[in-house]
Structures are given as structure tokens and as C-alpha cells.
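Visitor: Structure file start.txt (compact mmCIF, C-alpha atoms (C1' of nucleotides)) is given on the next line.
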# COMPACT_ATOMS: atom_id res chain seq x y z
CA MET V 1 -3.88 16.87 -15.27
CA LEU V 2 -1.08 18.99 -13.93
CA ILE V 3 0.88 17.71 -10.96
CA ARG V 4 3.80 19.35 -9.32
CA ILE V 5 6.37 17.51 -7.26
CA ASP V 6 8.79 18.93 -4.74
CA PRO V 7 11.65 16.48 -4.24
CA SER V 8 12.92 18.51 -1.29
CA SER V 9 9.63 18.28 0.57
CA SER V 10 9.40 16.10 3.64
CA MET V 11 6.18 14.70 2.24
CA ALA V 12 6.74 11.34 0.57
CA LEU V 13 6.77 11.50 -3.21
CA ASN V 14 4.01 8.92 -3.55
CA GLU V 15 1.81 11.00 -1.24
CA GLN V 16 2.57 14.15 -3.15
CA ILE V 17 1.49 12.44 -6.34
CA ALA V 18 -1.68 11.04 -4.76
CA ALA V 19 -2.49 14.45 -3.31
CA GLY V 20 -1.95 16.10 -6.67
CA ILE V 21 -4.35 13.71 -8.34
CA ARG V 22 -6.95 14.23 -5.60
CA ARG V 23 -6.63 17.95 -6.18
CA SER V 24 -7.18 17.43 -9.90
CA MET V 25 -10.29 15.42 -9.10
CA ILE V 26 -11.68 18.09 -6.81
CA ALA V 27 -10.86 20.74 -9.39
CA GLY V 28 -12.74 18.71 -11.95
CA GLU V 29 -9.75 18.35 -14.24
CA VAL V 30 -10.29 14.61 -14.16
CA GLY V 31 -13.65 12.96 -13.61
CA PRO V 32 -15.37 9.60 -13.38
CA GLY V 33 -14.45 7.25 -16.20
CA ASP V 34 -11.31 9.18 -17.09
CA ARG V 35 -8.16 7.18 -17.35
CA LEU V 36 -5.00 8.19 -15.53
CA PRO V 37 -1.72 7.93 -17.41
CA PRO V 38 0.19 4.66 -17.18
CA ALA V 39 2.51 4.62 -14.21
CA LYS V 40 5.53 4.47 -16.46
CA ASP V 41 4.48 7.53 -18.43
CA LEU V 42 3.55 9.66 -15.44
CA GLY V 43 6.73 8.58 -13.73
CA ARG V 44 8.81 9.68 -16.66
CA SER V 45 7.06 13.04 -16.91
CA LEU V 46 7.49 13.64 -13.17
CA ASP V 47 10.98 12.16 -13.14
CA VAL V 48 10.13 9.57 -10.52
CA ASN V 49 10.14 5.81 -10.61
CA MET V 50 7.19 3.87 -11.96
CA HIS V 51 6.83 2.07 -8.63
CA THR V 52 6.41 5.35 -6.81
CA VAL V 53 3.55 6.28 -9.13
CA LEU V 54 2.02 2.82 -8.69
CA LYS V 55 2.16 3.30 -4.93
CA ALA V 56 0.36 6.63 -5.29
CA TYR V 57 -2.26 4.98 -7.49
CA GLY V 58 -2.62 2.21 -4.91
CA ARG V 59 -3.38 4.76 -2.21
CA LEU V 60 -6.10 6.25 -4.35
CA ARG V 61 -7.50 2.79 -4.92
CA ASP V 62 -7.51 2.10 -1.17
CA ASP V 63 -9.44 5.32 -0.77
CA GLY V 64 -11.96 4.09 -3.29
CA LEU V 65 -11.21 6.85 -5.76
CA VAL V 66 -9.82 4.83 -8.64
CA GLU V 67 -9.89 1.34 -10.03
CA MET V 68 -6.73 -0.40 -11.20
CA ARG V 69 -6.65 -3.29 -13.64
CA ARG V 70 -3.79 -5.00 -15.37
CA GLY V 71 -3.52 -4.28 -19.03
CA ARG V 72 -6.27 -1.69 -18.82
CA GLY V 73 -4.83 0.94 -16.54
CA VAL V 74 -6.22 3.16 -13.83
CA THR V 75 -9.64 4.76 -14.16
CA VAL V 76 -11.42 7.24 -11.94
CA MET V 77 -14.35 5.63 -10.14
CA ASP V 78 -17.90 6.73 -10.58
CA GLN V 79 -18.85 8.99 -7.77
CA PRO V 80 -21.63 6.65 -6.59
CA VAL V 81 -19.04 3.93 -6.16
CA ALA V 82 -16.69 6.17 -4.22
CA ARG V 83 -19.62 7.21 -2.07
CA ALA V 84 -20.70 3.62 -1.67
CA SER V 85 -17.33 2.73 -0.23
CA LEU V 86 -17.69 5.58 2.28
CA VAL V 87 -21.16 4.44 3.23
CA GLU V 88 -19.83 0.93 3.68
CA ALA V 89 -17.03 2.21 5.90
CA ALA V 90 -19.51 4.16 8.01
CA ARG V 91 -21.83 1.15 8.25
CA SER V 92 -18.97 -1.10 9.31
CA LEU V 93 -17.79 1.39 11.92
CA VAL V 94 -21.24 1.71 13.45
CA GLU V 95 -21.67 -2.05 13.47
CA GLN V 96 -18.36 -2.68 15.20
CA ALA V 97 -18.88 0.06 17.74
CA THR V 98 -22.42 -1.04 18.50
CA HIS V 99 -21.25 -4.59 18.95
CA ALA V 100 -18.60 -3.31 21.36
CA GLY V 101 -21.31 -1.64 23.44
CA TYR V 102 -20.86 1.95 22.32
CA GLN V 103 -23.80 4.33 22.52
CA PRO V 104 -24.78 6.48 19.50
CA GLY V 105 -23.37 9.62 21.09
CA GLU V 106 -20.09 7.87 21.79
CA ILE V 107 -19.85 6.66 18.22
CA LEU V 108 -20.34 10.16 16.88
CA GLU V 109 -17.66 11.38 19.24
CA LEU V 110 -15.27 8.77 17.90
CA VAL V 111 -15.68 10.39 14.52
CA GLU V 112 -15.76 14.00 15.69
CA VAL V 113 -12.38 13.85 17.35
CA GLN V 114 -10.92 12.74 14.02
CA LEU V 115 -12.30 15.71 12.11
CA MET L 116 6.34 -18.39 15.72
CA LEU L 117 6.34 -20.94 12.94
CA ILE L 118 5.43 -19.83 9.45
CA ARG L 119 5.41 -21.90 6.34
CA ILE L 120 5.68 -20.48 2.87
CA ASP L 121 4.77 -22.11 -0.39
CA PRO L 122 6.60 -20.34 -3.21
CA SER L 123 4.56 -22.23 -5.78
CA SER L 124 1.23 -21.08 -4.36
CA SER L 125 -0.77 -18.55 -6.32
CA MET L 126 -1.26 -16.62 -3.08
CA ALA L 127 1.13 -13.69 -2.89
CA LEU L 128 4.09 -14.28 -0.60
CA ASN L 129 3.32 -11.21 1.47
CA GLU L 130 -0.21 -12.47 2.05
CA GLN L 131 1.02 -15.90 2.97
CA ILE L 132 3.28 -14.36 5.57
CA ALA L 133 0.54 -12.13 6.95
CA ALA L 134 -1.82 -15.09 7.10
CA GLY L 135 0.79 -17.17 8.90
CA ILE L 136 1.26 -14.51 11.53
CA ARG L 137 -2.50 -14.16 12.00
CA ARG L 138 -2.64 -17.88 12.54
CA SER L 139 0.11 -17.64 15.16
CA MET L 140 -1.90 -14.95 16.91
CA ILE L 141 -5.04 -17.03 16.95
CA ALA L 142 -3.08 -20.03 18.17
CA GLY L 143 -1.71 -17.89 20.97
CA GLU L 144 1.88 -18.41 19.91
CA VAL L 145 2.30 -14.67 19.87
CA GLY L 146 0.31 -12.28 22.03
CA PRO L 147 -0.13 -8.61 22.90
CA GLY L 148 3.15 -6.87 23.56
CA ASP L 149 5.20 -9.52 21.84
CA ARG L 150 7.61 -8.33 19.25
CA LEU L 151 7.75 -9.82 15.78
CA PRO L 152 11.17 -10.52 14.30
CA PRO L 153 12.81 -7.74 12.28
CA ALA L 154 11.77 -7.88 8.65
CA LYS L 155 15.30 -8.61 7.57
CA ASP L 156 15.62 -11.58 9.93
CA LEU L 157 12.26 -13.13 9.12
CA GLY L 158 12.95 -12.59 5.47
CA ARG L 159 16.23 -14.43 5.72
CA SER L 160 14.68 -17.34 7.60
CA LEU L 161 11.86 -17.62 5.06
CA ASP L 162 14.18 -16.95 2.15
CA VAL L 163 12.20 -13.96 0.95
CA ASN L 164 13.09 -10.33 0.58
CA MET L 165 12.84 -7.90 3.48
CA HIS L 166 10.32 -5.79 1.53
CA THR L 167 8.00 -8.73 1.18
CA VAL L 168 7.98 -9.18 4.94
CA LEU L 169 7.52 -5.44 5.44
CA LYS L 170 4.53 -5.54 3.14
CA ALA L 171 3.06 -8.37 5.20
CA TYR L 172 3.66 -6.41 8.39
CA GLY L 173 2.03 -3.38 6.80
CA ARG L 174 -1.10 -5.36 6.06
CA LEU L 175 -1.31 -6.44 9.68
CA ARG L 176 -0.85 -2.84 10.73
CA ASP L 177 -3.65 -1.72 8.44
CA ASP L 178 -5.82 -4.35 10.08
CA GLY L 179 -4.95 -2.94 13.49
CA LEU L 180 -3.20 -6.09 14.63
CA VAL L 181 0.31 -4.75 15.07
CA GLU L 182 2.12 -1.49 15.56
CA MET L 183 5.22 -0.61 13.54
CA ARG L 184 7.79 1.91 14.68
CA ARG L 185 11.15 2.82 13.28
CA GLY L 186 14.06 1.62 15.28
CA ARG L 187 11.79 -0.28 17.60
CA GLY L 188 10.26 -2.91 15.41
CA VAL L 189 6.84 -4.45 15.13
CA THR L 190 4.80 -5.30 18.22
CA VAL L 191 1.47 -7.05 18.61
CA MET L 192 -1.25 -4.67 19.73
CA ASP L 193 -2.75 -4.74 23.19
CA GLN L 194 -6.10 -6.34 23.70
CA PRO L 195 -7.83 -2.99 24.31
CA VAL L 196 -7.33 -3.24 20.60
CA ALA L 197 -11.10 -3.19 20.36
CA ARG L 198 -11.02 0.52 21.07
CA ALA L 199 -7.88 1.08 19.04
CA SER L 200 -9.42 -0.59 16.07
CA LEU L 201 -12.56 1.51 16.39
CA VAL L 202 -10.49 4.66 16.57
CA GLU L 203 -8.59 3.52 13.53
CA ALA L 204 -11.81 2.79 11.65
CA ALA L 205 -13.06 6.27 12.50
CA ARG L 206 -9.77 7.81 11.47
CA SER L 207 -9.79 5.94 8.20
CA LEU L 208 -13.36 6.93 7.47
CA VAL L 209 -12.62 10.60 8.10
CA GLU L 210 -9.49 10.40 6.00
CA GLN L 211 -11.26 8.80 3.05
CA ALA L 212 -14.19 11.16 3.23
CA THR L 213 -11.91 14.16 3.50
CA HIS L 214 -9.87 13.04 0.54
CA ALA L 215 -13.09 12.61 -1.38
CA GLY L 216 -13.94 16.23 -0.65
CA TYR L 217 -16.56 15.74 2.03
CA GLN L 218 -17.17 18.47 4.61
CA PRO L 219 -17.17 17.67 8.38
CA GLY L 220 -20.95 17.96 8.60
CA GLU L 221 -21.40 15.62 5.68
CA ILE L 222 -19.09 13.07 7.26
CA LEU L 223 -21.05 13.10 10.51
CA GLU L 224 -24.23 12.60 8.55
CA LEU L 225 -22.75 9.54 6.84
CA VAL L 226 -22.44 8.01 10.30
CA GLU L 227 -25.69 9.30 11.75
CA VAL L 228 -27.82 7.65 9.14
CA GLN L 229 -26.26 4.34 10.11
CA LEU L 230 -27.14 4.65 13.80
C1' DA P 231 -7.57 -18.70 -32.54
C1' DC P 232 -2.95 -16.49 -32.18
C1' DC P 233 0.28 -13.28 -31.36
C1' DT P 234 1.99 -8.97 -29.60
C1' DA P 235 2.02 -4.84 -26.97
C1' DT P 236 0.45 -2.63 -22.92
C1' DT P 237 0.02 -2.14 -18.04
C1' DT P 238 -0.54 -3.40 -13.43
C1' DG P 239 1.14 -6.93 -9.66
C1' DT P 240 4.69 -8.93 -7.21
C1' DC P 241 9.29 -9.77 -5.86
C1' DC P 242 14.09 -8.94 -5.67
C1' DG P 243 18.28 -6.12 -4.57
C1' DT P 244 20.34 -1.82 -3.23
C1' DA P 245 20.66 2.69 -1.27
C1' DT P 246 19.48 6.40 1.72
C1' DG P 247 16.74 8.56 5.27
C1' DT P 248 14.89 8.81 10.01
C1' DA P 249 13.11 7.63 14.56
C1' DT P 250 14.31 4.72 18.57
C1' DG P 251 17.08 3.15 22.22
C1' DC T 252 27.62 8.65 18.91
C1' DC T 253 26.19 4.29 17.36
C1' DA T 254 23.45 0.23 16.19
C1' DT T 255 18.86 -1.16 15.05
C1' DA T 256 14.88 -1.32 12.10
C1' DC T 257 11.24 0.61 9.66
C1' DA T 258 10.20 4.20 5.55
C1' DT T 259 10.86 5.48 1.11
C1' DA T 260 12.75 5.47 -3.43
C1' DC T 261 15.19 3.59 -7.35
C1' DG T 262 15.86 0.01 -10.82
C1' DG T 263 15.27 -4.48 -12.84
C1' DA T 264 12.84 -8.86 -13.71
C1' DC T 265 9.05 -11.76 -14.55
C1' DA T 266 4.07 -12.89 -14.25
C1' DA T 267 -0.74 -12.10 -15.39
C1' DA T 268 -4.64 -9.70 -17.34
C1' DT T 269 -6.23 -6.86 -20.99
C1' DA T 270 -6.69 -4.97 -25.56
C1' DG T 271 -5.85 -4.80 -30.41
C1' DG T 272 -4.28 -6.54 -34.79
What would the structure in this file look like if it were written as C-alpha cells?
Guide:
Amino acid sequence: MLIRIDPSSSMALNEQIAAGIRRSMIAGEVGPGDRLPPAKDLGRSLDVNMHTVLKAYGRLRDDGLVEMRRGRGVTVMDQPVARASLVEAARSLVEQATHAGYQPGEILELVEVQL
Amino acid sequence: MLIRIDPSSSMALNEQIAAGIRRSMIAGEVGPGDRLPPAKDLGRSLDVNMHTVLKAYGRLRDDGLVEMRRGRGVTVMDQPVARASLVEAARSLVEQATHAGYQPGEILELVEVQL
DNA sequence: ACCTATTTGTCCGTATGTATG
DNA sequence: CCATACATACGGACAAATAGG
């Protein structure tokens, strides 16, 4: 997993790291079940603080892409799980919008304008 | 806005603070447009670090309850928050799906099947 | 069952950057 | 220009869960 960091970029370091890992996932360099390096190790190799790496990992977790557990590390989620979290997000959105009186077309438009 | 913190609780401090503010909202002690105290000030009054308060504020922001802006502080969202929160849910869904490598058409389909 | 090392989770303190007013 | 206040990063400390000997 090769990640490049540009300290002079306006993009936050933790986002650069998260983006780099996402790219590695899309490129297939890391896949479901694979373990990401410990935050301390990756931080040292990228010359950034462990906390910055942990923040990047946390973003990926919030996106449902990885699982983090103490003592065990960070592992890439199975694709069905990542998809399940997306399906759940879509279900929740539709439920909320419907409850608020939105029509199907209006709900789709809510999403379209974000694309 | 009265918040109590129990340092000996197993609940993380930042969550205790966020929960306390949610309670104040429900109790009507703070309402839309009101400004929450600067993180540094609230931290000093609760005897916790500024970052811990900022993390609590960030959770509330992620939940669509408050807005955070540099230089201006943290303000409670307006009641048309219903719409704002839907927009945020849609934005978050699109962001997650995009990060996961989904194409626009596939994202729309995620929602359509839930209608 | 015990101990140790690993690794994330949380919190603290400090410093610097950046948008707002 | 200046003060305010969040945003990000660094570093250190301790706790808690996990894994391995």
C-alpha cells in the first residue's frame, strides 16, 4: 500500500491519508480482510503523528470501509458490510424524508443535487 | 446551560458533554440561534480540555444539531433543521457511496429501491 | 491462569493556521 | 489590523481490549 503525502497541500493530512487508502482499496492493492498498518508504524513511515493516522482511520471507519479494534488493529471490511452500511443509510434517509412528507421524486432530487 | 460531568463515569467525557447539551436543548434551555460557549470557556468551567469540548461539539454537528464556524463559534441550528438534516443525510450518503467507488447511477438506485 | 506486548481510545497541553467580525 | 474561536497537527500519558507466550 503506497501512500503519498504532500505537507504543503491545503488538504488536511488526515484526509490525504484517508484518500490514499481509499485509492489503494479501489486499485485493489488492499482488500477485504486485509489489515492496515498500526497507526504508529504508518505514521513513522509517512513522517506524521500517530494521532493523525488514527484520525484518518477513524474517517474510514465512519464511512464503513474499515473496522478498528483495540489490540487487533484496523481491518478492511467485507464488501457486503460496506454495502450494508450504504443500504442502511439510504433506508434511513428515505424513512426520514417520507416521515417529513417528502414525495419520492423530491427524495431523489435531494440525492441528485449532491451528486 | 447547566452541564454536569462525572469524571469517574465510564462514559467518555466528550460524550457526556454532548449528551448534556442535547438535554439542554430538549429542556429548552438553549434554542435555535443560540450560541454555545466557546470551547475554551466551557472547557475551563467543566475543568476539561478544549479539545474534549470541541469533540463534543463536533458530534453535535455531525448529528445536525449545531453549526460550527471559525471565528464565529457554535450555534444551535434553526428548526427548519428537518430539511437541513435531510440534506445532510443525502450529502453523507453520496459521500460514503462515492468514497466506496459507487457511480452516480448506482447511488440513485440505492435510494430508489427503498422508495 | 498469568504476564507481556501490541494497538486503538481518550484526554491533556501546546502550537500554528485560518475564517469571522 | 486585531481579537476571537474553530481546525489541524504534534507529542505525551494512561486506559482498555486483544493476542501470544
Visitor: May I have the residues of chain T within 9 Å of chain V, counting all atoms listed in the file, written as a ChimeraX atom specification?
Guide: /T:259-262,267-270
Visitor: Working over all C-alpha atoms in order, superimpose chain V onto chain L by least squares and state the RMSD in Å.
Guide: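 That gives an RMSD of 5.0 Å.
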Visitor: Using only C-alpha atoms (C1' of nucleotides), find each residue of chain P with at least one atom at most 9 Å away from an atom of chain L; report its shortest atom-to-atom pair and that distance in Å (one decimal), sort the rows by chain and rising residue number, and return the result as a Markdown table.
Guide:
| residue | atom | partner | partner_atom | distance |
| --- | --- | --- | --- | --- |
| P:DT240 | C1' | L:Ala127 | CA | 7.3 |
| P:DC241 | C1' | L:Thr167 | CA | 7.2 |
| P:DC242 | C1' | L:Asn164 | CA | 6.5 |
| P:DG243 | C1' | L:Asn164 | CA | 8.4 |
| P:DT248 | C1' | L:Arg185 | CA | 7.8 |
| P:DA249 | C1' | L:Arg185 | CA | 5.3 |
| P:DT250 | C1' | L:Gly186 | CA | 4.5 |
| P:DG251 | C1' | L:Gly186 | CA | 7.7 |
Visitor: With 8 Å as the limit and counting all atoms listed in the file, what residues in chain V lie close to chain L? Please list them as a PyMOL selection string.
Guide: chain V and resi 22+26+63-65+82+86-87+89-91+93-94+96-97+100+104+108+110-112+114-115
Visitor: Could you tell me how far atom CA of Thr190 of chain L lies from atom CA of Leu175 of chain L, in Å and to one decimal?
Guide: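 So the two atoms, atom CA of Thr190 of chain L and atom CA of Leu175 of chain L, lie 10.6 Å apart.
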Visitor: Each side padded by 5 Å, which centre and which edge lengths in Å (one decimal) define the axis-aligned box around the listed atoms of segment 165-173 of chain L? Give them as JSON.
Guide:
{"center_x": 7.4, "center_y": -6.3, "center_z": 4.8, "size_x": 20.8, "size_y": 15.8, "size_z": 17.2}
Visitor: Please indicate the distance in Å from atom CA of Val145 of chain L to atom CA of Met116 of chain L, rounded to one decimal place.
Guide: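 Between atom CA of Val145 of chain L and atom CA of Met116 of chain L the gap works out to 6.9 Å.
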